[in-house]
Amino acid sequence: MKSHKPTYYLTLGATILAVSVVVLGAFTRLSDAGLGCPDWPGCYGFMWMPETLDEIVQAEELYPHAPFESEKAWPEMVHRYFASTLGFVIILINFFNWKHRHRSDQPFKLPIFLLVLVILQGLFGMWTVTLNLWPQVVTAHLLGGFTTLSLLWLLSLRLNNRPWPQPSIPIHRWAKLKPLAVTAMTLLIIQIALGGWISSNYAALACPDFPTCQNQLVPEMDFASGFNIFQDIGPNYLGGQMDGEGRVAIHFTHRVGALVVTFFMLFLILQLYRNHGNTPLKGLTNMIFVLLVIQVALGISNIIWSLPLWVAVAHNAGGAFLLLSMVTLNYRLNKSTTTMI
């Protein structure tokens with residue numbers, strides 16, 4: 001038996017590429033370069049971006065409302081080319097999986113879903129620009145990126161023929177860990193969505209102090225404004241259009257969500273340490289704990305240091321890796337329990 005199923009290495013490479021796309025997307029968004037190119041898929045009418053003086057003059061004549069800024073155009077175009085490359089690799093994955101469709105153990109539906117998802121992601125990328133960073137689209141684009149990354153990693157796990165050692169504890173104790181892991185991952189996804197909503201509405205510094213917010217334990221907040229998903233399409237949302245109390249509501253909710261996710265994941269980690277017996281889940285549990293600690297530290301650092309770019313990007317990357325670790329845990333728990341039955 002081959003050590004891996006067909007397309008495993010291609011899918012693993014796509015997963016690594018997807019991590020790069022997520023990080024580049026975070027860098028582009030957090031450096032206010034989301035509209036670094038006012039058109040799509042090119043940049044001021046060019047395949048890359050205007051570089052010579054004549055090209056810059058031509059670009060600004062075409063888009064007088066959007067003066068050319070090189071430091072914002074290049075992150076946007078690098079992100080687009082990496083994302084386009086990822087889309088091409090997912091097409092290749094589908095092609096090779098189609099060739100091996102006769103194998104009963106070869107995933108078939110998941111690659112097709114990934115192809116549909118990456119096409120939708122391309123559309124969200126276009127709408128991000130053409131709708132002037134409309135928060136709903138920006139948040140959906142971020143969630144689509146995290147979903148693409150997670151499903152590519154899940155596909156990699158499924159294509160890996162590695163046998164999982166069986167736990168040395170009773171199956172009923174092992175099975176009780178599954179709903180805890182699913183709940184933890186669900187809470188984490190909600191928290192990531194809240195983080196995306198914070199970023200798309202420029203609310204990261206709505207509470208500039210910690211642990212209080214606006215020097216209060218419970219500040220003045222406007223939840224109706226903060227979570228209004230019916231914002232008008234049309235204004236330029238670069239820098240945000242929301243009032244202060246609306247942004248505070250988003251930020252404060254994200255903080256409360258961070259507490260909920262942290263305590264629930266610590267409870268899950270404790271249960272894993274108590275129940276894993278001699279299984280290899282100990283290493284994965286340690287990794288989840290370390291990633292959780294790092295993510296909390298990065299979140300607090302964002303506030304204390306007033307959102308330095310590298311910390312904010314690392315916080316996005318940390319969320320992605322924490323999500324991948326939870327995908328791995330849920331896959332391992334489900335796989336081991338199914339094998340034991």
# chains A, B, ... in the order shown; residues from 1 in each chain; ligands from 1
>>> closest_atom_pairs(of="segment 206-261 of chain A", to="segment 290-301 of chain A", cutoff="12 Å", atoms="only C-alpha atoms", output="tab-separated table")
residue	atom	partner	partner_atom	distance
A:Cys207	CA	A:Ile300	CA	11.2
A:Pro208	CA	A:Ile300	CA	10.5
A:Asp209	CA	A:Ile300	CA	9.6
A:Phe210	CA	A:Ile300	CA	7.5
A:Pro211	CA	A:Ile300	CA	8.7
A:Thr212	CA	A:Ile300	CA	11.6
A:His251	CA	A:Gly299	CA	11.5
A:His254	CA	A:Gly299	CA	10.3
A:Arg255	CA	A:Gly299	CA	9.1
A:Gly257	CA	A:Val296	CA	11.6
A:Ala258	CA	A:Val296	CA	7.8
A:Leu259	CA	A:Val296	CA	9.3
A:Val260	CA	A:Val296	CA	11.9
A:Val261	CA	A:Leu292	CA	9.4
>>> write_last_selection(atoms="C-alpha atoms", output="JSON list (two decimals), in the first residue's frame")
[["chain", "number", "residue", "atom", "x", "y", "z"],
["A", 207, "CYS", "CA", -11.15, 50.08, 23.07],
["A", 208, "PRO", "CA", -7.59, 51.44, 23.34],
["A", 209, "ASP", "CA", -7.09, 50.29, 26.94],
["A", 210, "PHE", "CA", -6.89, 46.88, 28.61],
["A", 211, "PRO", "CA", -8.46, 45.20, 30.56],
["A", 212, "THR", "CA", -11.01, 48.02, 30.67],
["A", 251, "HIS", "CA", -14.75, 45.29, 19.90],
["A", 254, "HIS", "CA", -14.95, 40.21, 20.45],
["A", 255, "ARG", "CA", -13.30, 40.53, 23.85],
["A", 257, "GLY", "CA", -15.94, 36.05, 22.79],
["A", 258, "ALA", "CA", -12.22, 35.68, 23.42],
["A", 259, "LEU", "CA", -12.90, 34.92, 27.08],
["A", 260, "VAL", "CA", -15.56, 32.34, 26.19],
["A", 261, "VAL", "CA", -13.36, 30.62, 23.60]]
>>> residues_around(residues="segment 44-54 of chain A", least_positions_apart="6", cutoff="8 Å", atoms="only C-alpha atoms", output="ChimeraX atom specification")
/A:37-38,60,62-63,73-74,77
>>> residues_around(residues="Met185 of chain A", least_positions_apart="5", cutoff="10 Å", atoms="only C-alpha atoms", output="number ranges by chain")
A: 179-180, 190-191, 261, 265, 322-327, 329-330
>>> write_last_selection(atoms="N, CA and C atoms", output="mmCIF file, in the first residue's frame")
data_model
loop_
_atom_site.group_PDB
_atom_site.id
_atom_site.type_symbol
_atom_site.label_atom_id
_atom_site.label_comp_id
_atom_site.auth_asym_id
_atom_site.auth_seq_id
_atom_site.Cartn_x
_atom_site.Cartn_y
_atom_site.Cartn_z
ATOM 1 N N PRO A 179 -18.101 15.829 21.039
ATOM 2 C CA PRO A 179 -18.949 17.038 21.062
ATOM 3 C C PRO A 179 -18.229 18.238 21.658
ATOM 4 N N LEU A 180 -17.311 18.011 22.607
ATOM 5 C CA LEU A 180 -16.540 19.124 23.167
ATOM 6 C C LEU A 180 -15.656 19.754 22.096
ATOM 7 N N ILE A 190 -16.853 31.303 15.208
ATOM 8 C CA ILE A 190 -17.634 32.517 15.500
ATOM 9 C C ILE A 190 -16.705 33.653 15.903
ATOM 10 N N GLN A 191 -15.686 33.335 16.722
ATOM 11 C CA GLN A 191 -14.732 34.355 17.148
ATOM 12 C C GLN A 191 -13.916 34.903 15.971
ATOM 13 N N VAL A 261 -14.141 31.603 24.363
ATOM 14 C CA VAL A 261 -13.365 30.625 23.601
ATOM 15 C C VAL A 261 -12.178 30.124 24.418
ATOM 16 N N MET A 265 -11.838 26.290 25.545
ATOM 17 C CA MET A 265 -10.740 25.500 24.989
ATOM 18 C C MET A 265 -9.818 24.982 26.088
ATOM 19 N N LEU A 322 -4.639 28.021 14.773
ATOM 20 C CA LEU A 322 -5.461 27.451 15.837
ATOM 21 C C LEU A 322 -6.654 26.709 15.230
ATOM 22 N N LEU A 323 -7.244 27.277 14.189
ATOM 23 C CA LEU A 323 -8.357 26.612 13.513
ATOM 24 C C LEU A 323 -7.898 25.300 12.875
ATOM 25 N N LEU A 324 -6.719 25.293 12.248
ATOM 26 C CA LEU A 324 -6.198 24.061 11.639
ATOM 27 C C LEU A 324 -5.952 22.990 12.699
ATOM 28 N N SER A 325 -5.488 23.405 13.865
ATOM 29 C CA SER A 325 -5.263 22.425 14.930
ATOM 30 C C SER A 325 -6.581 21.815 15.398
ATOM 31 N N MET A 326 -7.655 22.627 15.402
ATOM 32 C CA MET A 326 -8.959 22.107 15.804
ATOM 33 C C MET A 326 -9.553 21.204 14.734
ATOM 34 N N VAL A 327 -9.302 21.531 13.464
ATOM 35 C CA VAL A 327 -9.722 20.633 12.376
ATOM 36 C C VAL A 327 -9.030 19.281 12.533
ATOM 37 N N LEU A 329 -7.798 17.952 15.317
ATOM 38 C CA LEU A 329 -8.320 17.260 16.493
ATOM 39 C C LEU A 329 -9.657 16.601 16.192
ATOM 40 N N ASN A 330 -10.559 17.338 15.570
ATOM 41 C CA ASN A 330 -11.871 16.768 15.260
ATOM 42 C C ASN A 330 -11.753 15.594 14.292
#
>>> select_by_dssp(residues="segment 70-254 of chain A", states="alpha helix (DSSP H)", output="VMD selection string")
chain A and resid 70 to 99 109 to 130 135 to 159 171 to 200 223 to 226 244 to 254
>>> write_last_selection(atoms="C-alpha atoms", output="CSV table (one decimal), in the first residue's frame")
chain,number,residue,atom,x,y,z
A,70,SER,CA,3.0,52.1,-4.8
A,71,GLU,CA,3.2,50.9,-1.1
A,72,LYS,CA,-0.5,50.0,-1.3
A,73,ALA,CA,-0.7,48.7,-4.8
A,74,TRP,CA,2.0,46.0,-4.5
A,75,PRO,CA,0.5,44.1,-1.5
A,76,GLU,CA,-2.8,44.0,-3.3
A,77,MET,CA,-1.4,42.6,-6.5
A,78,VAL,CA,0.9,40.1,-4.7
A,79,HIS,CA,-2.2,38.9,-2.8
A,80,ARG,CA,-4.1,38.6,-6.1
A,81,TYR,CA,-1.4,36.6,-7.8
A,82,PHE,CA,-1.0,34.2,-4.9
A,83,ALA,CA,-4.7,33.7,-4.7
A,84,SER,CA,-4.9,33.1,-8.5
A,85,THR,CA,-2.1,30.5,-8.2
A,86,LEU,CA,-4.0,28.8,-5.4
A,87,GLY,CA,-7.1,28.6,-7.6
A,88,PHE,CA,-5.0,27.0,-10.4
A,89,VAL,CA,-3.6,24.4,-8.0
A,90,ILE,CA,-7.1,23.5,-6.8
A,91,ILE,CA,-8.1,23.0,-10.5
A,92,LEU,CA,-5.2,20.6,-10.8
A,93,ILE,CA,-6.2,18.8,-7.6
A,94,ASN,CA,-9.7,18.2,-9.1
A,95,PHE,CA,-8.2,17.1,-12.4
A,96,PHE,CA,-6.0,14.4,-10.8
A,97,ASN,CA,-8.8,13.3,-8.3
A,98,TRP,CA,-11.0,12.8,-11.3
A,99,LYS,CA,-8.4,10.6,-12.8
A,109,LYS,CA,-16.9,15.6,-3.4
A,110,LEU,CA,-14.6,17.7,-1.2
A,111,PRO,CA,-12.3,18.8,-4.0
A,112,ILE,CA,-15.3,19.8,-6.1
A,113,PHE,CA,-16.6,21.8,-3.2
A,114,LEU,CA,-13.2,23.5,-2.9
A,115,LEU,CA,-13.3,24.4,-6.6
A,116,VAL,CA,-16.7,26.0,-6.2
A,117,LEU,CA,-15.5,27.8,-3.1
A,118,VAL,CA,-12.3,29.2,-4.6
A,119,ILE,CA,-14.4,30.5,-7.6
A,120,LEU,CA,-16.7,32.2,-5.1
A,121,GLN,CA,-13.7,33.6,-3.3
A,122,GLY,CA,-12.5,35.1,-6.6
A,123,LEU,CA,-15.9,36.9,-6.9
A,124,PHE,CA,-15.7,38.1,-3.3
A,125,GLY,CA,-12.2,39.4,-4.1
A,126,MET,CA,-13.6,41.4,-7.0
A,127,TRP,CA,-16.5,42.7,-5.0
A,128,THR,CA,-14.2,43.8,-2.2
A,129,VAL,CA,-12.7,46.3,-4.7
A,130,THR,CA,-15.8,47.2,-6.8
A,135,PRO,CA,-17.9,45.3,5.4
A,136,GLN,CA,-20.2,42.4,4.6
A,137,VAL,CA,-18.1,41.4,1.6
A,138,VAL,CA,-14.8,41.9,3.3
A,139,THR,CA,-15.8,39.7,6.2
A,140,ALA,CA,-17.2,37.1,3.9
A,141,HIS,CA,-14.0,37.1,1.9
A,142,LEU,CA,-12.0,36.6,5.1
A,143,LEU,CA,-14.2,33.7,6.2
A,144,GLY,CA,-14.0,32.2,2.7
A,145,GLY,CA,-10.2,32.3,3.0
A,146,PHE,CA,-10.2,30.5,6.3
A,147,THR,CA,-12.7,28.0,5.0
A,148,THR,CA,-10.6,27.2,1.9
A,149,LEU,CA,-7.5,26.8,4.1
A,150,SER,CA,-9.4,24.5,6.6
A,151,LEU,CA,-10.9,22.3,3.9
A,152,LEU,CA,-7.6,22.0,2.1
A,153,TRP,CA,-6.0,20.8,5.3
A,154,LEU,CA,-8.9,18.4,5.9
A,155,LEU,CA,-8.4,17.0,2.4
A,156,SER,CA,-4.7,16.6,3.1
A,157,LEU,CA,-5.5,14.6,6.3
A,158,ARG,CA,-7.9,12.4,4.3
A,159,LEU,CA,-5.3,11.8,1.6
A,171,ILE,CA,-14.7,4.1,23.9
A,172,HIS,CA,-17.5,5.9,25.8
A,173,ARG,CA,-14.9,8.2,27.4
A,174,TRP,CA,-13.2,8.8,24.1
A,175,ALA,CA,-16.6,9.5,22.4
A,176,LYS,CA,-17.5,12.2,25.0
A,177,LEU,CA,-14.6,14.3,23.7
A,178,LYS,CA,-16.1,14.6,20.2
A,179,PRO,CA,-18.9,17.0,21.1
A,180,LEU,CA,-16.5,19.1,23.2
A,181,ALA,CA,-14.1,19.4,20.2
A,182,VAL,CA,-16.9,20.3,17.8
A,183,THR,CA,-18.3,23.0,20.2
A,184,ALA,CA,-14.8,24.4,20.7
A,185,MET,CA,-14.2,24.6,16.9
A,186,THR,CA,-17.6,26.2,16.4
A,187,LEU,CA,-16.9,28.9,19.0
A,188,LEU,CA,-13.6,29.5,17.5
A,189,ILE,CA,-15.2,30.0,14.0
A,190,ILE,CA,-17.6,32.5,15.5
A,191,GLN,CA,-14.7,34.4,17.1
A,192,ILE,CA,-12.8,34.5,13.8
A,193,ALA,CA,-16.0,35.9,12.2
A,194,LEU,CA,-16.1,38.6,14.9
A,195,GLY,CA,-12.5,39.4,14.3
A,196,GLY,CA,-13.2,39.8,10.6
A,197,TRP,CA,-16.2,42.1,11.4
A,198,ILE,CA,-13.8,44.2,13.7
A,199,SER,CA,-11.3,44.5,10.9
A,200,SER,CA,-13.7,45.3,8.1
A,223,PHE,CA,-25.1,47.1,19.2
A,224,ALA,CA,-27.8,48.0,16.6
A,225,SER,CA,-25.2,50.1,14.7
A,226,GLY,CA,-22.3,47.8,15.4
A,244,GLY,CA,-17.7,55.2,17.9
A,245,GLU,CA,-20.3,53.4,20.1
A,246,GLY,CA,-21.0,51.0,17.2
A,247,ARG,CA,-17.3,50.1,16.9
A,248,VAL,CA,-17.0,49.8,20.7
A,249,ALA,CA,-19.9,47.2,20.6
A,250,ILE,CA,-18.1,45.1,18.1
A,251,HIS,CA,-14.8,45.3,19.9
A,252,PHE,CA,-16.3,44.5,23.3
A,253,THR,CA,-18.2,41.6,21.9
A,254,HIS,CA,-15.0,40.2,20.4
